[in-house]
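The structure file work18.cif is reproduced below (mmCIF, C-alpha atoms).
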```cif
data_input
loop_
_atom_site.label_atom_id
_atom_site.label_comp_id
_atom_site.auth_asym_id
_atom_site.auth_seq_id
_atom_site.Cartn_x
_atom_site.Cartn_y
_atom_site.Cartn_z
CA MET Y 1390 0.00 0.00 0.00
CA LYS Y 1391 1.29 3.48 -0.92
CA ASP Y 1392 2.47 5.75 1.87
CA LEU Y 1393 0.34 8.83 1.28
CA SER Y 1394 2.37 10.90 3.76
CA THR Y 1395 5.35 11.12 1.38
CA ARG Y 1396 5.81 14.57 -0.13
CA PHE Y 1397 8.29 14.15 -3.00
CA THR Y 1398 9.65 11.06 -4.68
CA ILE Y 1399 12.92 12.17 -6.26
CA ALA Y 1400 13.98 9.79 -9.02
CA ILE Y 1401 17.46 9.83 -10.57
CA ILE Y 1402 17.73 8.05 -13.92
CA HIS Y 1403 21.27 6.68 -14.06
CA ARG Y 1404 23.61 4.84 -16.37
CA ASN Y 1405 27.32 5.07 -15.51
CA GLY Y 1406 29.13 8.09 -14.10
CA LEU Y 1407 29.85 7.90 -10.36
CA ARG Y 1408 31.06 11.50 -10.16
CA ARG Y 1409 27.86 12.82 -11.75
CA LEU Y 1410 25.69 10.62 -9.57
CA LYS Y 1411 27.44 11.76 -6.39
CA GLY Y 1412 27.00 15.36 -7.51
CA VAL Y 1413 23.23 15.14 -7.82
CA LEU Y 1414 22.93 13.11 -4.60
CA SER Y 1415 25.01 15.67 -2.72
CA SER Y 1416 22.71 18.46 -3.90
CA LEU Y 1417 19.69 16.38 -2.87
CA LEU Y 1418 20.90 16.05 0.71
CA ASN Y 1419 20.49 19.83 1.02
CA ASN Y 1420 16.85 19.58 -0.03
CA ILE Y 1421 15.16 16.48 1.30
CA SER Y 1422 13.21 16.20 4.51
CA ASP Y 1423 11.81 13.20 6.37
CA LEU Y 1424 8.75 13.52 4.14
CA ASP Y 1425 10.73 12.85 0.94
CA GLU Y 1426 12.21 9.72 -0.61
CA VAL Y 1427 14.95 9.13 -3.19
CA LEU Y 1428 15.04 6.46 -5.88
CA ILE Y 1429 17.83 5.61 -8.29
CA ILE Y 1430 16.74 3.81 -11.46
CA ASP Y 1431 19.90 2.20 -12.80
CA ASN Y 1432 19.99 1.21 -16.45
CA ALA Y 1433 22.58 -1.58 -16.26
CA SER Y 1434 25.58 0.55 -15.30
CA THR Y 1435 28.92 -1.14 -16.00
CA ASP Y 1436 31.28 1.17 -14.11
CA GLY Y 1437 30.66 -0.03 -10.53
CA SER Y 1438 28.93 3.24 -9.58
CA ILE Y 1439 25.88 1.55 -8.06
CA LYS Y 1440 28.02 -0.76 -5.95
CA GLU Y 1441 29.86 2.26 -4.52
CA ILE Y 1442 26.58 4.00 -3.70
CA GLU Y 1443 25.27 0.87 -1.98
CA GLN Y 1444 28.40 0.65 0.18
CA ASN Y 1445 28.30 4.32 1.20
CA GLU Y 1446 26.56 4.84 4.55
CA ALA Y 1447 25.51 8.35 3.54
CA TYR Y 1448 23.11 6.88 0.97
CA LYS Y 1449 21.69 4.06 3.07
CA ASN Y 1450 18.09 5.33 2.80
CA ILE Y 1451 18.09 5.48 -0.99
CA ARG Y 1452 16.17 2.80 -2.86
CA ILE Y 1453 17.77 1.44 -6.02
CA ILE Y 1454 15.95 -0.27 -8.86
CA LYS Y 1455 18.36 -2.20 -11.07
CA ASN Y 1456 17.47 -2.89 -14.68
CA LEU Y 1457 19.21 -5.67 -16.56
CA CYS Y 1458 19.59 -3.51 -19.68
CA ASN Y 1459 19.28 0.11 -20.73
CA THR Y 1460 15.51 0.47 -20.78
CA GLY Y 1461 15.41 4.08 -21.95
CA TYR Y 1462 14.54 7.31 -20.18
CA ALA Y 1463 10.74 7.21 -20.38
CA TYR Y 1464 10.50 3.59 -19.21
CA SER Y 1465 12.80 4.35 -16.25
CA CYS Y 1466 10.78 7.42 -15.25
CA ASN Y 1467 7.63 5.31 -15.38
CA GLN Y 1468 9.26 2.71 -13.11
CA ALA Y 1469 9.93 5.49 -10.60
CA MET Y 1470 6.39 6.81 -10.79
CA GLU Y 1471 4.99 3.32 -10.27
CA ALA Y 1472 7.31 2.55 -7.34
CA GLY Y 1473 7.28 5.96 -5.64
CA ASN Y 1474 4.94 7.05 -2.87
CA GLY Y 1475 5.09 10.80 -3.36
CA LYS Y 1476 2.32 13.33 -3.77
CA TYR Y 1477 4.78 14.92 -6.22
CA PHE Y 1478 7.60 13.46 -8.30
CA LEU Y 1479 10.90 15.05 -9.31
CA LEU Y 1480 12.38 13.22 -12.31
CA CYS Y 1481 16.08 13.93 -12.72
CA ASN Y 1482 18.96 13.20 -15.06
CA ASN Y 1483 22.12 12.10 -13.28
CA ASP Y 1484 24.04 15.12 -14.62
CA ILE Y 1485 22.25 17.90 -12.73
CA GLU Y 1486 22.75 19.69 -9.43
CA LEU Y 1487 19.73 20.98 -7.54
CA PRO Y 1488 19.66 24.37 -5.79
CA LYS Y 1489 18.94 24.56 -2.10
CA ASN Y 1490 15.24 24.65 -1.12
CA CYS Y 1491 14.11 23.70 -4.63
CA LEU Y 1492 11.69 21.05 -3.34
CA ASP Y 1493 10.01 23.66 -1.14
CA ASP Y 1494 9.90 26.00 -4.15
CA PHE Y 1495 8.32 23.39 -6.41
CA GLU Y 1496 5.79 22.47 -3.72
CA LYS Y 1497 4.81 26.13 -3.26
CA ILE Y 1498 4.09 26.45 -6.99
CA PHE Y 1499 1.94 23.32 -6.94
CA ILE Y 1500 -0.02 24.80 -4.03
CA ASP Y 1501 -0.28 28.34 -5.44
CA PHE Y 1502 -1.24 27.13 -8.93
CA PRO Y 1503 -3.87 24.40 -8.41
CA LYS Y 1504 -3.92 23.50 -12.12
CA SER Y 1505 -0.13 23.24 -12.40
CA GLY Y 1506 0.61 19.75 -13.67
CA ILE Y 1507 4.30 19.80 -14.51
CA ILE Y 1508 7.02 22.34 -13.73
CA GLY Y 1509 10.55 22.88 -14.99
CA GLY Y 1510 13.22 25.18 -13.60
CA GLN Y 1511 15.77 27.33 -15.41
CA LEU Y 1512 18.68 25.17 -16.59
CA LEU Y 1513 22.24 26.47 -16.36
CA ASP Y 1514 25.34 25.15 -18.11
CA SER Y 1515 28.61 24.46 -16.29
CA ASN Y 1516 29.57 28.14 -16.68
CA GLN Y 1517 26.33 29.29 -15.02
CA ASN Y 1518 24.90 30.52 -18.33
CA LYS Y 1519 21.16 30.15 -18.83
CA VAL Y 1520 20.24 27.64 -21.52
CA GLY Y 1521 16.98 26.76 -23.25
CA SER Y 1522 14.63 25.14 -20.75
CA TYR Y 1523 11.28 25.34 -22.56
CA SER Y 1524 9.75 26.06 -25.94
CA GLU Y 1525 6.50 26.21 -27.82
CA ALA Y 1526 4.83 22.89 -28.48
CA PRO Y 1527 5.90 21.60 -31.92
CA GLU Y 1528 3.28 21.88 -34.62
CA PHE Y 1529 3.10 21.00 -38.30
CA PRO Y 1530 4.68 24.28 -39.60
CA SER Y 1531 7.55 24.14 -37.12
CA GLU Y 1532 8.39 20.57 -38.13
CA LEU Y 1533 8.92 21.54 -41.77
CA ASP Y 1534 12.69 21.87 -41.51
CA LEU Y 1535 14.18 25.03 -43.01
CA ILE Y 1536 10.70 26.60 -43.26
CA GLY Y 1537 8.86 26.74 -39.96
CA ARG Y 1538 11.25 26.11 -37.09
CA LEU Y 1539 10.18 26.78 -33.54
CA LYS Y 1540 10.70 30.40 -32.60
CA PRO Y 1541 12.58 30.80 -29.31
CA LEU Y 1542 10.29 32.03 -26.59
CA LYS Y 1543 11.13 35.15 -24.65
CA ARG Y 1544 13.05 34.59 -21.44
CA TYR Y 1545 10.42 34.91 -18.74
CA GLN Y 1546 11.29 36.45 -15.40
CA ASP Y 1547 8.47 34.86 -13.45
CA ILE Y 1548 6.39 31.67 -13.44
CA HIS Y 1549 4.81 31.30 -16.86
CA GLU Y 1550 2.83 28.77 -18.87
CA VAL Y 1551 4.73 27.28 -21.83
CA GLY Y 1552 4.25 24.62 -24.48
CA THR Y 1553 6.85 22.07 -23.47
CA LEU Y 1554 9.76 21.66 -21.07
CA ARG Y 1555 13.25 20.24 -21.41
CA GLY Y 1556 13.34 16.97 -19.53
CA ALA Y 1557 16.53 17.23 -17.45
CA CYS Y 1558 14.58 17.89 -14.25
CA LEU Y 1559 10.79 17.87 -14.11
CA ALA Y 1560 8.45 18.19 -11.15
CA VAL Y 1561 5.05 16.58 -11.73
CA ARG Y 1562 1.95 16.21 -9.62
CA LYS Y 1563 0.74 12.66 -8.88
CA ALA Y 1564 -2.81 13.71 -9.69
CA THR Y 1565 -1.59 14.84 -13.11
CA ILE Y 1566 -0.04 11.43 -13.76
CA GLU Y 1567 -3.30 9.76 -12.80
CA SER Y 1568 -5.19 12.07 -15.16
CA ALA Y 1569 -2.90 12.32 -18.20
CA GLY Y 1570 -0.90 9.12 -17.85
CA MET Y 1571 2.82 8.49 -17.50
CA MET Y 1572 5.47 9.01 -20.16
CA ASP Y 1573 5.07 7.10 -23.40
CA ASP Y 1574 7.83 4.50 -23.26
CA ASP Y 1575 7.65 3.87 -27.00
CA PHE Y 1576 10.17 6.72 -26.93
CA PHE Y 1577 13.57 5.42 -25.86
CA PHE Y 1578 15.32 8.78 -25.60
CA TYR Y 1579 14.29 12.19 -27.05
CA PHE Y 1580 10.80 13.69 -27.50
CA GLU Y 1581 9.30 11.74 -24.58
CA GLU Y 1582 9.00 14.86 -22.43
CA THR Y 1583 7.65 16.89 -25.37
CA GLU Y 1584 4.83 14.45 -26.08
CA TRP Y 1585 4.13 14.17 -22.32
CA CYS Y 1586 3.90 17.93 -21.78
CA MET Y 1587 1.53 18.26 -24.73
CA ARG Y 1588 -0.65 15.42 -23.41
CA ILE Y 1589 -0.67 16.94 -19.91
CA ALA Y 1590 -1.84 20.27 -21.34
CA LYS Y 1591 -4.58 18.54 -23.38
CA ASN Y 1592 -5.85 17.06 -20.12
CA GLY Y 1593 -6.39 20.51 -18.64
CA TRP Y 1594 -3.17 20.95 -16.64
CA GLN Y 1595 -0.68 23.80 -16.85
CA VAL Y 1596 2.87 23.29 -18.09
CA LEU Y 1597 4.91 25.87 -16.19
CA THR Y 1598 8.43 27.24 -16.24
CA ALA Y 1599 9.84 28.54 -12.94
CA PRO Y 1600 12.86 30.75 -13.78
CA HIS Y 1601 13.78 31.38 -10.16
CA ILE Y 1602 14.62 27.69 -9.65
CA GLU Y 1603 18.05 27.49 -11.29
CA ILE Y 1604 19.34 23.97 -11.94
CA MET Y 1605 22.86 23.14 -13.09
CA HIS Y 1606 22.80 20.76 -16.05
CA ILE Y 1607 25.94 19.46 -17.74
CA GLY Y 1608 23.88 18.47 -20.76
CA GLY Y 1609 24.62 15.77 -23.31
CA ASP Y 1610 26.90 13.95 -20.90
CA SER Y 1611 24.95 10.71 -21.11
CA THR Y 1612 25.24 10.57 -24.91
CA LYS Y 1613 28.83 11.69 -25.48
CA SER Y 1614 30.18 8.15 -25.71
CA VAL Y 1615 27.43 7.08 -28.13
CA TYR Y 1616 26.95 10.32 -30.03
CA HIS Y 1617 26.37 8.94 -33.51
CA GLY Y 1618 23.94 6.30 -32.27
CA SER Y 1619 22.10 8.96 -30.31
CA ARG Y 1620 21.54 10.97 -33.49
CA ILE Y 1621 19.92 7.97 -35.14
CA GLU Y 1622 17.69 7.58 -32.08
CA PHE Y 1623 16.80 11.28 -32.34
CA PHE Y 1624 15.59 10.77 -35.90
CA ARG Y 1625 13.58 7.67 -34.93
CA SER Y 1626 11.95 9.48 -32.01
CA ARG Y 1627 11.09 12.46 -34.17
CA LEU Y 1628 9.28 10.26 -36.68
CA LEU Y 1629 7.45 8.56 -33.81
CA PHE Y 1630 6.51 11.94 -32.33
CA TRP Y 1631 4.88 13.03 -35.59
CA LYS Y 1632 2.89 9.80 -35.78
CA LYS Y 1633 1.63 10.11 -32.20
CA THR Y 1634 0.72 13.80 -32.17
CA MET Y 1635 -0.40 14.79 -35.67
CA PRO Y 1636 -3.13 13.77 -38.12
CA MET Y 1637 -2.08 11.23 -40.75
CA HIS Y 1638 -2.16 13.66 -43.68
CA SER Y 1639 0.29 15.94 -41.84
CA VAL Y 1640 2.52 12.98 -41.01
CA ILE Y 1641 2.64 11.93 -44.66
CA ILE Y 1642 3.60 15.43 -45.78
CA LEU Y 1643 6.31 15.62 -43.10
CA TYR Y 1644 7.65 12.22 -44.12
CA LEU Y 1645 7.83 13.22 -47.78
CA TRP Y 1646 9.41 16.57 -46.92
CA ASN Y 1647 11.92 15.40 -44.32
CA ILE Y 1648 12.62 11.72 -45.03
CA PRO Y 1649 15.28 12.30 -47.71
CA LYS Y 1650 17.22 14.56 -45.35
CA LEU Y 1651 16.71 12.21 -42.41
CA ILE Y 1652 17.84 9.19 -44.47
CA ILE Y 1653 21.00 10.97 -45.59
CA ASP Y 1654 21.78 12.11 -42.05
CA GLY Y 1655 20.90 8.69 -40.60
CA CYS Y 1656 23.12 6.85 -43.10
CA PHE Y 1657 25.97 9.23 -42.34
CA TYR Y 1658 25.80 8.58 -38.60
CA LEU Y 1659 25.31 4.85 -39.15
CA ILE Y 1660 28.46 4.70 -41.28
CA ILE Y 1661 30.42 6.73 -38.74
CA THR Y 1662 29.20 4.44 -35.97
CA MET Y 1663 30.37 1.33 -37.84
CA ILE Y 1664 33.85 2.69 -38.57
#
```
Write-out of the structure in structure tokens:
Amino acid sequence: MKDLSTRFTIAIIHRNGLRRLKGVLSSLLNNISDLDEVLIIDNASTDGSIKEIEQNEAYKNIRIIKNLCNTGYAYSCNQAMEAGNGKYFLLCNNDIELPKNCLDDFEKIFIDFPKSGIIGGQLLDSNQNKVGSYSEAPEFPSELDLIGRLKPLKRYQDIHEVGTLRGACLAVRKATIESAGMMDDDFFFYFEETEWCMRIAKNGWQVLTAPHIEIMHIGGDSTKSVYHGSRIEFFRSRLLFWKKTMPMHSVIILYLWNIPKLIIDGCFYLIITMI
């Protein structure tokens, strides 16, 4: 039976990188209270990082779910949301660092904005520069490469409703998950948060950016060693995103318009990967 007294379930999606994992865990220790719980979803790490965490007394209260293979980001987040007890969930990459009091800040937004379903903070790079943390929801014109393109949104100074959030660190309400569903794990990596934010909004919830919650994000660290393969996965996920979110006639047009370019790019990265 779920423990309804839990405030936040903080889930870290992890595959290799002990230094990064310790970094996010260290920042968590400055945030959690007795009402919060921490989960690590490990996607078959091979570097011994999970063993070191298990042997460290400082992390004795952290639950670890070990997958036998790399199950993908959406599937891992869904595992956390199924296993967690929280009224709210914070879904995190393993290459972020959370600011002090951010859980209190996220909770306050959920309370102050009763229709807030999912919230993202302002992401910072390693040099403390602000980077893109949200955008408009993709639509047919924006997906016509070299014609539409998503226009960058203005940089908001206060809490604001947006189309979609970047998925490095997302706070989501349990009631929203029950209403709109979890992430679509047909997506392995890329576009899963975009489709989810759009589905959450369609179910009557707000997708909010909170610029005052500044979160350090290394960015791209999990894909550096498999860069070319990750580009192929990006193309696959983009095609899947069109199919899941747009009418068939729009999908056909997008396929005809973009497929030649995607095939050329995909073949290039496939060749590079095989060399």
Stretch 1466-1530 of chain Y near stretch 1393-1402 of chain Y within 7 Å: what's each residue's closest atom pair and its distance in Å to one decimal, counting all atoms listed in the file, ordered by chain then ascending residue number, as a Markdown table?
```
| residue | atom | partner | partner_atom | distance |
| --- | --- | --- | --- | --- |
| Y:Ala1469 | CA | Y:Ala1400 | CA | 6.1 |
| Y:Gly1473 | CA | Y:Thr1398 | CA | 5.7 |
| Y:Asn1474 | CA | Y:Thr1395 | CA | 5.9 |
| Y:Gly1475 | CA | Y:Phe1397 | CA | 4.6 |
| Y:Lys1476 | CA | Y:Arg1396 | CA | 5.2 |
| Y:Tyr1477 | CA | Y:Phe1397 | CA | 4.8 |
| Y:Phe1478 | CA | Y:Thr1398 | CA | 4.8 |
| Y:Leu1479 | CA | Y:Ile1399 | CA | 4.7 |
| Y:Leu1480 | CA | Y:Ala1400 | CA | 5.0 |
| Y:Cys1481 | CA | Y:Ile1401 | CA | 4.8 |
| Y:Asn1482 | CA | Y:Ile1402 | CA | 5.4 |
| Y:Asn1483 | CA | Y:Ile1401 | CA | 5.8 |
```
*asked:* I need the residue nearest Y:Leu1554 from this list: Y:Trp1646, Y:Tyr1464, Y:Tyr1523, Y:Phe1577. Use all atoms listed in the file for the distance.
replied: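 Smallest distance to Y:Leu1554 is found for Y:Tyr1523.
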Atom pair atom CA of Y:Lys1591 + atom CA of Y:Phe1578, distance 22.3 Å
Y:Phe1529: which residues within 9 Å, counting all atoms listed in the file, same-chain residues fewer than 4 positions away excluded, as a list in words?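 Counting all atoms listed in the file, the residues come to Leu1533, Gly1537, Trp1631, Met1635, Ser1639, Val1640 and Leu1643 of chain Y.
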Problem - Expected selection from the PyMOL selection byres ((chain Y and resi 1406-1416) around 7), given as a list in words - result: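 Applying the expression gives Arg1404, Asn1405, Leu1417, Leu1418, Asn1419, Ser1438, Asn1483, Asp1484, Ile1485, Glu1486, Leu1487 and Pro1488 of chain Y.
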In Å and to one decimal, atom CA of Y:Gln1511 is distant from atom CA of Y:Ala1599 by 6.5 Å
I would like the residues chosen by the PyMOL selection byres ((chain Y and resi 1586-1588) around 9) on the shown file; could you give them as an MDAnalysis selection string?
chainID Y and resid 1506:1507 1526 1552:1554 1569:1570 1581:1585 1589:1592 1595:1596 1634
re atom CA of Y:Gly1510 and atom CA of Y:Lys1632: distance 28.9 Å
Since I can't run it myself right now, could you work out what the PyMOL selection byres ((chain Y and resi 1429) around 8) selects here and report it as a list in words?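 Those residues are Ala1400, Ile1401, Ile1402, His1403, Val1427, Leu1428, Ile1430, Asp1431, Ile1451, Arg1452, Ile1453 and Ile1454 of chain Y.
In this comparison, which uses only C-alpha atoms, the residue of Y:Phe1623, Y:Tyr1545, Y:Trp1594, Y:Tyr1579 approaching Y:Phe1499 most closely is Y:Trp1594.
Proximity to Y:Ile1566 was assessed for Y:Met1470, Y:Met1637, Y:Ala1463, Y:Leu1424 counting only C-alpha atoms; the smallest distance is recorded for Y:Met1470.
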